[in-house]
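Accompanying notes for the structure given below.
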Amino acid sequence: KLRVLSGVQPTGSLHLGNYFGAIRNWVLTQHQYESFFCVVDMHAITMPYKAKELSEVTYKTAALYLAAGIDANTSKVFVQSHVKEHAELTWLLNCITPMNWLERMIQYKEKARKQGENVGVGLFDYPVLMAADVLLYQTDVVPVGEDQKQHIELARDIARRFNDQFAKRARPRVLREPNPLIQKDGARLMSLEDGTSKMSKSAESDFSRINLDDDPKLIEKKIKRCKTDSLKGLTYDDPNRPEVRNLLTIYQLCTGKSKEEVIAECADMNFGTFKPLLTDAIIEHLSPIQKTYNELILDRAYLDEVLTKGAAEAREVAAATVSEVKKYMGFTQPL
Ligand code: AQP
């Protein structure tokens with residue numbers, strides 16, 4: 001079976017972008033692949049965060065994975081910091097990664113701009129930690145949203161550089177080059193307040209996104225307030241109305257209808273008619289997930305059990321990779 005790895009940062013409530021860009025695709029493909037899904041808490045500390053909340057948000061994120069339909073019996077669900085090989089491989093890869101590869105990263109440039117003088121080394125190094133996450137498990141496929149494509153390409157470049165530099169003749173290659181898996185629809189959901197910027201956990205306004213744990217009243221309020229116009233006729237491809245495309249895509253994904261069906265249904269609508277339909281579709285799609293989530297989040301013992309088992313299984317694969325990498329890099333092996 002091909003291997004899959006992906007993760008989300010515990011930096012706040014997960015939103016529809018994280019769900020349709022990543023988690024839902026993990027759920028749909030988890031039985032086809034050998035799957036590793038981690039809560040990437042070490043990535044979460046690359047931006048200012050509240051230490052008191054990290055553990056709580058980590059549990060919440062894991063509970064949402066399970067509530068969304070990740071099957072902990074077949075997929076390995078774990079917390080990144082519980083498998084110390086992530087940090088160890090990051091250091092090893094740091095030492096073969098040119099600085100200028102990282103200086104090109106769009107996400108770094110965007111996030112660093114917000115940080116000004118205080119931007120940390122960790123944020124700069126984020127893509128190498130992500131490369132380590134992926135390469136540790138000899139991952140074939142990484143299901144992510146569009147914004148992460150550049151980071152996966154970097155992970156491929158790092159793997160190739162390692163293989164060429166230290167293990168030119170090794171077959172199979174010591175580090176496997178991963179491929180991104182990016183869905184056609186939902187790979188880049190946009191803010192509800194600005195159809196040109198990405199829906200994001202860290203955006204200041206909570207009204208820019210629908211969180212997976214928003215209650216129906218709040219969802220209704222957010223959709224009522226989201227940026228729209230009063231023109232009649234809703235289409236996917238009007239470049240002057242990016243909000244329309246975004247909301248139609250969310251409607252399409254929540255109802256499971258095809259794009260063609262949505263085009264036919266909404267062609268003559270205005271937002272006044274469409275918004276209540278969209279609100280209902282989101283509430284209906286999220287309701288079973290929220291019901292399971294509300295039960296799971298109270299059951300810390302069960303979450304601990306899942307995460308402990310997941311980490312033990314992940315560690316086995318990760319340790320073997322690190323040991324191989326260190327061997328090729330010339331380290332002495334401890335007795
Ligand atoms: N708007 C989006 N549309 C589709 N997919 C998205 N993803 C994020 N935003 C969208 C995908 O969700 C996964 C996890 O993201 P992450 O938490 O690791 O970091 P991120 O990409 O930086 O997401 P956020 O929500 O914008 O977080 P903050 O604001 O904390 O940086 C990834 O697969 C990502 O592609």
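Every chain in the structure tokens takes a letter, A first, then B, and so on in the order presented; its residues are numbered from 1, and the ligands are numbered from 1 following the presented order.
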Would you list the contacts of A:Leu54 as a CSV table (one decimal) with N, CA and C atoms, in the first residue's frame, taking every protein, DNA or RNA residue within 12 Å and counting only C-alpha atoms, but skipping same-chain residues closer than 3 positions in sequence?
```csv
chain,number,residue,atom,x,y,z
A,9,GLN,N,-2.1,22.2,12.0
A,9,GLN,CA,-1.5,22.8,13.2
A,9,GLN,C,-2.6,23.1,14.2
A,10,PRO,N,-2.3,22.8,15.5
A,10,PRO,CA,-3.3,23.1,16.6
A,10,PRO,C,-3.1,24.6,16.9
A,11,THR,N,-3.6,25.5,16.0
A,11,THR,CA,-3.4,26.9,16.2
A,11,THR,C,-4.7,27.6,16.5
A,12,GLY,N,-5.8,26.8,16.6
A,12,GLY,CA,-7.1,27.4,16.8
A,12,GLY,C,-8.2,26.5,16.3
A,13,SER,N,-9.4,26.9,16.3
A,13,SER,CA,-10.5,26.1,15.7
A,13,SER,C,-10.2,25.8,14.3
A,39,VAL,N,-1.1,15.7,14.5
A,39,VAL,CA,-1.4,17.0,14.9
A,39,VAL,C,-0.1,17.7,15.1
A,40,VAL,N,0.2,18.7,14.2
A,40,VAL,CA,1.6,19.2,14.2
A,40,VAL,C,1.8,20.3,15.2
A,41,ASP,N,1.9,19.9,16.4
A,41,ASP,CA,2.1,20.9,17.5
A,41,ASP,C,3.4,21.7,17.5
A,42,MET,N,4.4,21.0,16.9
A,42,MET,CA,5.7,21.8,16.9
A,42,MET,C,5.7,22.8,15.8
A,43,HIS,N,4.9,22.7,14.8
A,43,HIS,CA,4.7,23.8,13.8
A,43,HIS,C,3.9,24.9,14.5
A,44,ALA,N,3.0,24.5,15.4
A,44,ALA,CA,2.1,25.6,16.0
A,44,ALA,C,2.9,26.6,16.8
A,45,ILE,N,4.1,26.2,17.2
A,45,ILE,CA,4.8,27.2,18.1
A,45,ILE,C,5.8,28.1,17.3
A,48,PRO,N,3.6,33.3,17.4
A,48,PRO,CA,3.3,33.6,18.9
A,48,PRO,C,2.0,32.7,19.2
A,49,TYR,N,2.1,32.1,20.4
A,49,TYR,CA,0.9,31.3,20.8
A,49,TYR,C,0.8,31.3,22.3
A,50,LYS,N,-0.3,30.8,22.8
A,50,LYS,CA,-0.4,30.7,24.3
A,50,LYS,C,-0.1,29.3,24.8
A,51,ALA,N,1.0,29.2,25.6
A,51,ALA,CA,1.4,27.9,26.1
A,51,ALA,C,0.2,27.2,26.9
A,57,VAL,N,-5.9,22.7,22.6
A,57,VAL,CA,-6.1,22.8,21.2
A,57,VAL,C,-5.6,21.5,20.5
A,58,THR,N,-4.6,21.0,21.0
A,58,THR,CA,-4.1,19.7,20.4
A,58,THR,C,-5.1,18.6,20.5
A,59,TYR,N,-5.7,18.5,21.7
A,59,TYR,CA,-6.7,17.5,21.9
A,59,TYR,C,-7.9,17.8,21.0
A,60,LYS,N,-8.3,19.0,20.9
A,60,LYS,CA,-9.5,19.4,20.1
A,60,LYS,C,-9.2,19.0,18.6
A,61,THR,N,-8.0,19.3,18.2
A,61,THR,CA,-7.7,19.0,16.8
A,61,THR,C,-7.8,17.5,16.5
A,79,VAL,N,0.4,12.8,17.8
A,79,VAL,CA,0.8,14.2,18.0
A,79,VAL,C,2.3,14.2,17.7
A,81,SER,N,4.9,16.1,18.5
A,81,SER,CA,5.9,16.2,19.5
A,81,SER,C,6.1,14.9,20.3
```
- Message: When you look at stretch 130-135 of chain A with a cut-off of 6 Å (counting only C-alpha atoms), what residues show up, excluding the ones that are within fewer than 3 positions of it in the same chain? I need them as a ChimeraX atom specification.
- Response: /A:86,89-90,127,138-139,155
Using 10 Å as the limit and counting only C-alpha atoms and all ligand atoms, can you tabulate each residue of chain A that touches ligand 1, with its shortest atom-to-atom distance in Å and the two atoms involved, as JSON lines?
```
{"residue": "A:Ser6", "atom": "CA", "partner": "ligand 1", "partner_atom_place_in_ligand_line": "33 (O)", "distance": 7.1}
{"residue": "A:Gly7", "atom": "CA", "partner": "ligand 1", "partner_atom_place_in_ligand_line": "14 (C)", "distance": 6.1}
{"residue": "A:Val8", "atom": "CA", "partner": "ligand 1", "partner_atom_place_in_ligand_line": "18 (O)", "distance": 3.9}
{"residue": "A:Gln9", "atom": "CA", "partner": "ligand 1", "partner_atom_place_in_ligand_line": "17 (O)", "distance": 4.0}
{"residue": "A:Pro10", "atom": "CA", "partner": "ligand 1", "partner_atom_place_in_ligand_line": "17 (O)", "distance": 6.7}
{"residue": "A:Thr11", "atom": "CA", "partner": "ligand 1", "partner_atom_place_in_ligand_line": "30 (O)", "distance": 5.2}
{"residue": "A:Gly12", "atom": "CA", "partner": "ligand 1", "partner_atom_place_in_ligand_line": "30 (O)", "distance": 7.1}
{"residue": "A:Ser13", "atom": "CA", "partner": "ligand 1", "partner_atom_place_in_ligand_line": "25 (O)", "distance": 8.6}
{"residue": "A:Leu14", "atom": "CA", "partner": "ligand 1", "partner_atom_place_in_ligand_line": "25 (O)", "distance": 6.8}
{"residue": "A:His15", "atom": "CA", "partner": "ligand 1", "partner_atom_place_in_ligand_line": "25 (O)", "distance": 6.8}
{"residue": "A:Leu16", "atom": "CA", "partner": "ligand 1", "partner_atom_place_in_ligand_line": "3 (N)", "distance": 7.4}
{"residue": "A:Gly17", "atom": "CA", "partner": "ligand 1", "partner_atom_place_in_ligand_line": "3 (N)", "distance": 3.6}
{"residue": "A:Asn18", "atom": "CA", "partner": "ligand 1", "partner_atom_place_in_ligand_line": "12 (O)", "distance": 3.5}
{"residue": "A:Tyr19", "atom": "CA", "partner": "ligand 1", "partner_atom_place_in_ligand_line": "12 (O)", "distance": 6.7}
{"residue": "A:Phe20", "atom": "CA", "partner": "ligand 1", "partner_atom_place_in_ligand_line": "4 (C)", "distance": 6.2}
{"residue": "A:Gly21", "atom": "CA", "partner": "ligand 1", "partner_atom_place_in_ligand_line": "5 (N)", "distance": 3.4}
{"residue": "A:Ala22", "atom": "CA", "partner": "ligand 1", "partner_atom_place_in_ligand_line": "33 (O)", "distance": 4.8}
{"residue": "A:Ile23", "atom": "CA", "partner": "ligand 1", "partner_atom_place_in_ligand_line": "13 (C)", "distance": 7.4}
{"residue": "A:Asn25", "atom": "CA", "partner": "ligand 1", "partner_atom_place_in_ligand_line": "33 (O)", "distance": 9.9}
{"residue": "A:Val39", "atom": "CA", "partner": "ligand 1", "partner_atom_place_in_ligand_line": "18 (O)", "distance": 8.8}
{"residue": "A:Val40", "atom": "CA", "partner": "ligand 1", "partner_atom_place_in_ligand_line": "18 (O)", "distance": 7.3}
{"residue": "A:Asp41", "atom": "CA", "partner": "ligand 1", "partner_atom_place_in_ligand_line": "18 (O)", "distance": 9.6}
{"residue": "A:His43", "atom": "CA", "partner": "ligand 1", "partner_atom_place_in_ligand_line": "18 (O)", "distance": 7.8}
{"residue": "A:Ala44", "atom": "CA", "partner": "ligand 1", "partner_atom_place_in_ligand_line": "30 (O)", "distance": 7.3}
{"residue": "A:Thr46", "atom": "CA", "partner": "ligand 1", "partner_atom_place_in_ligand_line": "30 (O)", "distance": 9.8}
{"residue": "A:Met47", "atom": "CA", "partner": "ligand 1", "partner_atom_place_in_ligand_line": "30 (O)", "distance": 8.3}
{"residue": "A:Thr61", "atom": "CA", "partner": "ligand 1", "partner_atom_place_in_ligand_line": "17 (O)", "distance": 9.8}
{"residue": "A:Gln107", "atom": "CA", "partner": "ligand 1", "partner_atom_place_in_ligand_line": "22 (O)", "distance": 7.7}
{"residue": "A:Glu110", "atom": "CA", "partner": "ligand 1", "partner_atom_place_in_ligand_line": "31 (O)", "distance": 9.9}
{"residue": "A:Lys111", "atom": "CA", "partner": "ligand 1", "partner_atom_place_in_ligand_line": "31 (O)", "distance": 8.0}
{"residue": "A:Met130", "atom": "CA", "partner": "ligand 1", "partner_atom_place_in_ligand_line": "18 (O)", "distance": 9.5}
{"residue": "A:Val142", "atom": "CA", "partner": "ligand 1", "partner_atom_place_in_ligand_line": "33 (O)", "distance": 8.5}
{"residue": "A:Pro143", "atom": "CA", "partner": "ligand 1", "partner_atom_place_in_ligand_line": "33 (O)", "distance": 6.6}
{"residue": "A:Val144", "atom": "CA", "partner": "ligand 1", "partner_atom_place_in_ligand_line": "33 (O)", "distance": 3.4}
{"residue": "A:Gly145", "atom": "CA", "partner": "ligand 1", "partner_atom_place_in_ligand_line": "35 (O)", "distance": 3.1}
{"residue": "A:Glu146", "atom": "CA", "partner": "ligand 1", "partner_atom_place_in_ligand_line": "35 (O)", "distance": 5.6}
{"residue": "A:Asp147", "atom": "CA", "partner": "ligand 1", "partner_atom_place_in_ligand_line": "35 (O)", "distance": 5.0}
{"residue": "A:Gln148", "atom": "CA", "partner": "ligand 1", "partner_atom_place_in_ligand_line": "35 (O)", "distance": 4.9}
{"residue": "A:Lys149", "atom": "CA", "partner": "ligand 1", "partner_atom_place_in_ligand_line": "35 (O)", "distance": 7.8}
{"residue": "A:His151", "atom": "CA", "partner": "ligand 1", "partner_atom_place_in_ligand_line": "35 (O)", "distance": 9.9}
{"residue": "A:Pro180", "atom": "CA", "partner": "ligand 1", "partner_atom_place_in_ligand_line": "33 (O)", "distance": 9.7}
{"residue": "A:Leu181", "atom": "CA", "partner": "ligand 1", "partner_atom_place_in_ligand_line": "33 (O)", "distance": 9.7}
{"residue": "A:Ile182", "atom": "CA", "partner": "ligand 1", "partner_atom_place_in_ligand_line": "35 (O)", "distance": 8.7}
{"residue": "A:Gln183", "atom": "CA", "partner": "ligand 1", "partner_atom_place_in_ligand_line": "4 (C)", "distance": 9.2}
{"residue": "A:Asp185", "atom": "CA", "partner": "ligand 1", "partner_atom_place_in_ligand_line": "4 (C)", "distance": 9.0}
{"residue": "A:Gly186", "atom": "CA", "partner": "ligand 1", "partner_atom_place_in_ligand_line": "4 (C)", "distance": 5.6}
{"residue": "A:Ala187", "atom": "CA", "partner": "ligand 1", "partner_atom_place_in_ligand_line": "4 (C)", "distance": 4.2}
{"residue": "A:Arg188", "atom": "CA", "partner": "ligand 1", "partner_atom_place_in_ligand_line": "3 (N)", "distance": 3.4}
{"residue": "A:Leu189", "atom": "CA", "partner": "ligand 1", "partner_atom_place_in_ligand_line": "3 (N)", "distance": 3.8}
{"residue": "A:Met190", "atom": "CA", "partner": "ligand 1", "partner_atom_place_in_ligand_line": "1 (N)", "distance": 5.4}
{"residue": "A:Ser191", "atom": "CA", "partner": "ligand 1", "partner_atom_place_in_ligand_line": "1 (N)", "distance": 7.3}
{"residue": "A:Ser197", "atom": "CA", "partner": "ligand 1", "partner_atom_place_in_ligand_line": "1 (N)", "distance": 8.3}
{"residue": "A:Lys198", "atom": "CA", "partner": "ligand 1", "partner_atom_place_in_ligand_line": "1 (N)", "distance": 4.6}
{"residue": "A:Met199", "atom": "CA", "partner": "ligand 1", "partner_atom_place_in_ligand_line": "1 (N)", "distance": 3.9}
{"residue": "A:Ser200", "atom": "CA", "partner": "ligand 1", "partner_atom_place_in_ligand_line": "26 (O)", "distance": 3.5}
{"residue": "A:Lys201", "atom": "CA", "partner": "ligand 1", "partner_atom_place_in_ligand_line": "29 (O)", "distance": 3.8}
{"residue": "A:Ser202", "atom": "CA", "partner": "ligand 1", "partner_atom_place_in_ligand_line": "29 (O)", "distance": 3.5}
{"residue": "A:Ala203", "atom": "CA", "partner": "ligand 1", "partner_atom_place_in_ligand_line": "29 (O)", "distance": 6.2}
{"residue": "A:Glu204", "atom": "CA", "partner": "ligand 1", "partner_atom_place_in_ligand_line": "29 (O)", "distance": 9.4}
{"residue": "A:Arg209", "atom": "CA", "partner": "ligand 1", "partner_atom_place_in_ligand_line": "1 (N)", "distance": 8.8}
```
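Taking only C-alpha atoms into account, A:Leu136 lies nearest to A:Glu85 out of the set A:Glu85, A:Asp215, A:Asp157, A:Glu103.
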- Task: Extract the full set of strand (DSSP E) residues from stretch 117-279 of chain A according to DSSP on the backbone, and format it as a list in words.
- Result: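 So the strand (DSSP E) residues in stretch 117-279 of chain A would be Val141, Val142, Pro143, Asn179, Pro180 and Leu181 of chain A.
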Taking only residues of stretch 257-323 of chain A that have an atom at most 12 Å from an atom of stretch 327-334 of chain A, what is each one's shortest atom pair and its distance in Å to one decimal, using only C-alpha atoms, in chain and number order, as CSV?
```
residue,atom,partner,partner_atom,distance
A:Ala320,CA,A:Lys327,CA,10.7
A:Thr321,CA,A:Lys327,CA,9.9
A:Val322,CA,A:Lys327,CA,8.4
A:Ser323,CA,A:Lys327,CA,6.2
```
Writer output for current selection, C-alpha atoms, as an mmCIF file, in the first residue's frame:
```
data_model
loop_
_atom_site.group_PDB
_atom_site.id
_atom_site.type_symbol
_atom_site.label_atom_id
_atom_site.label_comp_id
_atom_site.auth_asym_id
_atom_site.auth_seq_id
_atom_site.Cartn_x
_atom_site.Cartn_y
_atom_site.Cartn_z
ATOM 1 C CA ALA A 320 14.063 3.255 11.302
ATOM 2 C CA THR A 321 14.322 6.198 8.883
ATOM 3 C CA VAL A 322 16.415 8.316 11.244
ATOM 4 C CA SER A 323 18.751 5.449 11.952
#
```
Need to verify the contact set: A:Thr255, 8 Å, only C-alpha atoms, exclusion of same-chain residues closer than 2 positions in sequence. Can you return it as a compact mmCIF listing (two decimals) with C-alpha atoms, in the first residue's frame?
```txt
# COMPACT_ATOMS: atom_id res chain seq x y z
CA TYR A 251 -22.38 24.81 -1.13
CA GLN A 252 -21.26 22.19 -3.63
CA LEU A 253 -18.95 20.49 -1.12
CA LYS A 257 -23.88 17.98 -5.50
CA ALA A 281 -26.25 22.95 3.81
CA HIS A 285 -23.02 18.77 6.86
```
- Message: Under the rule that only C-alpha atoms are counted, which of A:Lys52, A:Arg176, A:Arg156, A:Lys109 is the nearest residue to A:Arg3?
- Response: A:Arg176
- From a DSSP pass on the backbone, collect the residues of stretch 56-206 of chain A flagged as helix (DSSP H, G or I) and hand them back as a ChimeraX atom specification. /A:56-68,80-82,85-94,99-103,106-118,121-136,146-166,206
- Task: List the neighbours of stretch 95-100 of chain A out to 10 Å using only C-alpha atoms; skip same-chain residues closer than 2 positions along the sequence, and give me the result as a PyMOL selection string.
- Result: chain A and resi 90-93+102-105+124-125+128+154+157-159+161-162+165
Using the selection just defined, write its residues with C-alpha atoms as a tab-separated table (two decimals), in the first residue's frame.
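And here is the file that came out, part-v3.tsv:
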```tsv
chain	number	residue	atom	x	y	z
A	90	THR	CA	14.78	18.28	11.08
A	91	TRP	CA	18.24	19.05	12.44
A	92	LEU	CA	19.89	16.57	10.09
A	93	LEU	CA	18.04	18.01	7.09
A	102	LEU	CA	13.79	28.66	2.44
A	103	GLU	CA	13.97	32.36	1.61
A	104	ARG	CA	11.80	31.63	-1.42
A	105	MET	CA	8.90	30.16	0.58
A	124	PHE	CA	11.99	30.23	8.78
A	125	ASP	CA	12.69	26.55	9.40
A	128	VAL	CA	12.28	21.75	6.87
A	154	LEU	CA	10.73	21.57	-1.17
A	157	ASP	CA	14.13	18.70	-3.35
A	158	ILE	CA	15.55	17.99	0.11
A	159	ALA	CA	15.04	14.23	-0.30
A	161	ARG	CA	19.64	16.34	-2.33
A	162	PHE	CA	20.13	13.95	0.57
A	165	GLN	CA	24.82	13.66	-1.57
```
- Task: Please provide the set of residues having any atom within 9 Å of A:Gly195, restricted to only C-alpha atoms, with same-chain residues fewer than 6 positions apart removed, written as a PyMOL selection string.
- Result: chain A and resi 189+227+241-246
- Compile the contact shell of A:Thr308 as a list in words: residues with an atom at most 10 Å away, counting only C-alpha atoms, same-chain residues fewer than 2 positions apart removed.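 The neighbour list is Lys76, Val77, Phe78, Val79, His82, Tyr302, Leu303, Asp304, Glu305, Val306, Gly310, Ala311, Ala312, Glu313 and Ala314 of chain A.
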- Quick one: residues within 6 Å of A:Tyr33, only C-alpha atoms counted, chain neighbours fewer than 2 positions away excluded, as a list in words? Lys1, Leu2, Arg3, Gln30, His31 and Ser35 of chain A
